[in-house]
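Report on one structure; see the data block that follows.
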Amino acid sequence: MTVVMGILNVTPDSFSDGGRYLDPEAAVARALEMEEEGAGIIDIGAESTRPGHTPLSPDEEWRRLEPVLARLAGRLKVPISIDTYHAETARRAAQYGIAIVNDVSMLQDPDMPAVVRHHGLRYVLMHTRRQVLPGLPVAAMVEELRRPLARLLEEGVPARDILIDPGIGFGKTREQDLACLAEIGRFQALGHPVLVGASRKRVVGHALGGVPVGERLAGSLAVVAHACMAGVDIVRVHDVRDSVRVVRMMEAILAHGGSFAS
């Protein structure tokens with residue numbers, strides 16, 4: 001079963017919904033709404049990671065996150081994921097019972113493995129590059145993940161707690177983004193659950209002829225359907241209700257023998 005992870009941005013500047021859920025009460029209401037719509041995980045982030053974003057200090061990140069986590073404590077039945085690359089933020093959030101750290105930095109903070117291990121958290125290791133290298137094949141991206149993956153394991157993070165994200169939109173050309181989706185099996189071959197997040201991203205707009213963010217729902221749902229067919233474990237999305245319906249429909253077809261070959 002593919003799990004739908006709902007995106008909750010408590011930011012003023014995210015590319016799709018910046019400012020919409022900056023108020024803690026609005027953020028809590030949206031988290032509860034996404035759970036009702038069928039999200040299996042709620043992913044909360046306080047820093048926009050769009051191209052050209054302004055990095056936040058851990059203290060500022062926590063200033064945005066803490067009021068939301070405090071209000072949600074005990075109210076959600078599904079796990080909470082924190083979208084952060086700061087070990088200190090992950091440590092603080094662990095007191096509110098989060099289950100997952102979604103790190104877009106490919107293990108930039110040297111203290112992150114210890115925090116993840118100590119608090120028994122799951123960890124999303126995402127591929128990213130500081131500089132885009134056009135022509136870099138997917139196989140090489142997978143190889144770039146092996147060193148941080150080995151480090152996590154060496155520092156005691158259980159293999160069962162590590163997830164892999166190909167990093168759509170992070171340090172890649174649009175063609176590389178599409179190649180990652182087409183060759184998702186290469187990331188699955190690492191032996192860990194795989195998470196795909198392409199919701200409303202530029203690769204979707206590019207593939208659809210340059211449509212703006214507000215017109216990328218159909219393309220985003222096509223990625224969800226593709227991920228289901230490929231056996232991806234988690235899809236990270238803005239449009240939870242529609243994505244859940246796509247997942248359920250795809251699973252109904254697959255349960256009756258549907259496949260790429262047929």
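FYI, nothing fancy with the structure tokens labels: chains A, B, ... in order, residues from 1 per chain, ligands from 1 as they appear.
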Can you list, as a count of residues only, every protein, DNA or RNA residue that comes within 9 Å of A:Glu66 when you count only C-alpha atoms, leaving out same-chain residues fewer than 6 positions away? 3
Which residues are near stretch 221-232 of chain A? Cut-off 7 Å, only C-alpha atoms, ignore same chain within fewer than 3 positions. Put them as a PyMOL selection string. chain A and resi 2+194-195+217-218+235+243+246-247+250+259
Filtered DSSP result for stretch 138-183 of chain A, state strand (DSSP E or B), as JSON, numbers by chain: {"A": [162, 163, 164, 165]}
Close residues, stretch 206-209 of chain A itself excluded, 8 Å, only C-alpha atoms, min 2 positions apart in chain, as number ranges by chain: A: 174, 202-204, 211, 219
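Between A:Pro158 and the candidates A:Leu121, A:Leu133, A:Val78, A:Ala189, the tightest atom-to-atom separation, counting only C-alpha atoms, involves A:Leu121.
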Give me the residues near stretch 37-46 of chain A as a PyMOL selection string, where near means some atom within 8 Å (using only C-alpha atoms) and where sequence neighbours in that chain fewer than 6 positions away do not count. chain A and resi 3-11+31+61-62+64-65+78-84+102+240-241+244
Residues from the last selection, C-alpha atoms, saved as a PDB file, in the first residue's frame:
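What ended up in selection.pdb:
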```pdb
ATOM      1  CA  VAL A   3       0.893   5.904   1.997  1.00  0.00           C
ATOM      2  CA  VAL A   4      -0.059   9.516   1.323  1.00  0.00           C
ATOM      3  CA  MET A   5       2.017  12.053   3.270  1.00  0.00           C
ATOM      4  CA  GLY A   6       0.273  15.427   3.529  1.00  0.00           C
ATOM      5  CA  ILE A   7       2.398  18.577   3.306  1.00  0.00           C
ATOM      6  CA  LEU A   8       1.887  21.256   5.964  1.00  0.00           C
ATOM      7  CA  ASN A   9       4.039  24.351   5.400  1.00  0.00           C
ATOM      8  CA  VAL A  10       4.132  26.712   8.380  1.00  0.00           C
ATOM      9  CA  THR A  11       6.096  29.210   6.307  1.00  0.00           C
ATOM     10  CA  ALA A  31      -3.421  18.910   9.775  1.00  0.00           C
ATOM     11  CA  GLU A  61      12.581  27.218  12.775  1.00  0.00           C
ATOM     12  CA  TRP A  62      11.511  26.044  16.221  1.00  0.00           C
ATOM     13  CA  ARG A  64       7.368  28.431  14.020  1.00  0.00           C
ATOM     14  CA  LEU A  65       7.092  24.711  14.698  1.00  0.00           C
ATOM     15  CA  VAL A  78      -1.393   9.370  12.226  1.00  0.00           C
ATOM     16  CA  PRO A  79       2.384   9.907  12.594  1.00  0.00           C
ATOM     17  CA  ILE A  80       3.940  13.361  12.351  1.00  0.00           C
ATOM     18  CA  SER A  81       7.030  13.969  10.236  1.00  0.00           C
ATOM     19  CA  ILE A  82       9.232  17.040  10.650  1.00  0.00           C
ATOM     20  CA  ASP A  83      10.789  18.505   7.510  1.00  0.00           C
ATOM     21  CA  THR A  84      14.135  19.710   8.879  1.00  0.00           C
ATOM     22  CA  ASN A 102      12.407  14.333   6.641  1.00  0.00           C
ATOM     23  CA  VAL A 240      -4.396  14.947  -0.056  1.00  0.00           C
ATOM     24  CA  ARG A 241      -8.009  14.081  -0.859  1.00  0.00           C
ATOM     25  CA  VAL A 244      -5.762   9.365  -1.668  1.00  0.00           C
TER      26      VAL A 244
END
```
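The residue that comes closest to A:Ala73, out of A:Val213, A:Asp177, A:Ile234, A:Val28 and on the basis of only C-alpha atoms, is A:Val28.
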Interatomic distance between atom CA of A:Leu32 and atom CA of A:Gly97?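 Computed distance, atom CA of A:Leu32 to atom CA of A:Gly97, equals 16.3 Å.
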May I ask which of the residues A:Arg147, A:Arg186, A:Glu154, A:Gly135 is the closest one to A:Thr173, counting only C-alpha atoms?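 Of A:Arg147, A:Arg186, A:Glu154, A:Gly135, the one nearest A:Thr173, counting only C-alpha atoms, is A:Gly135.
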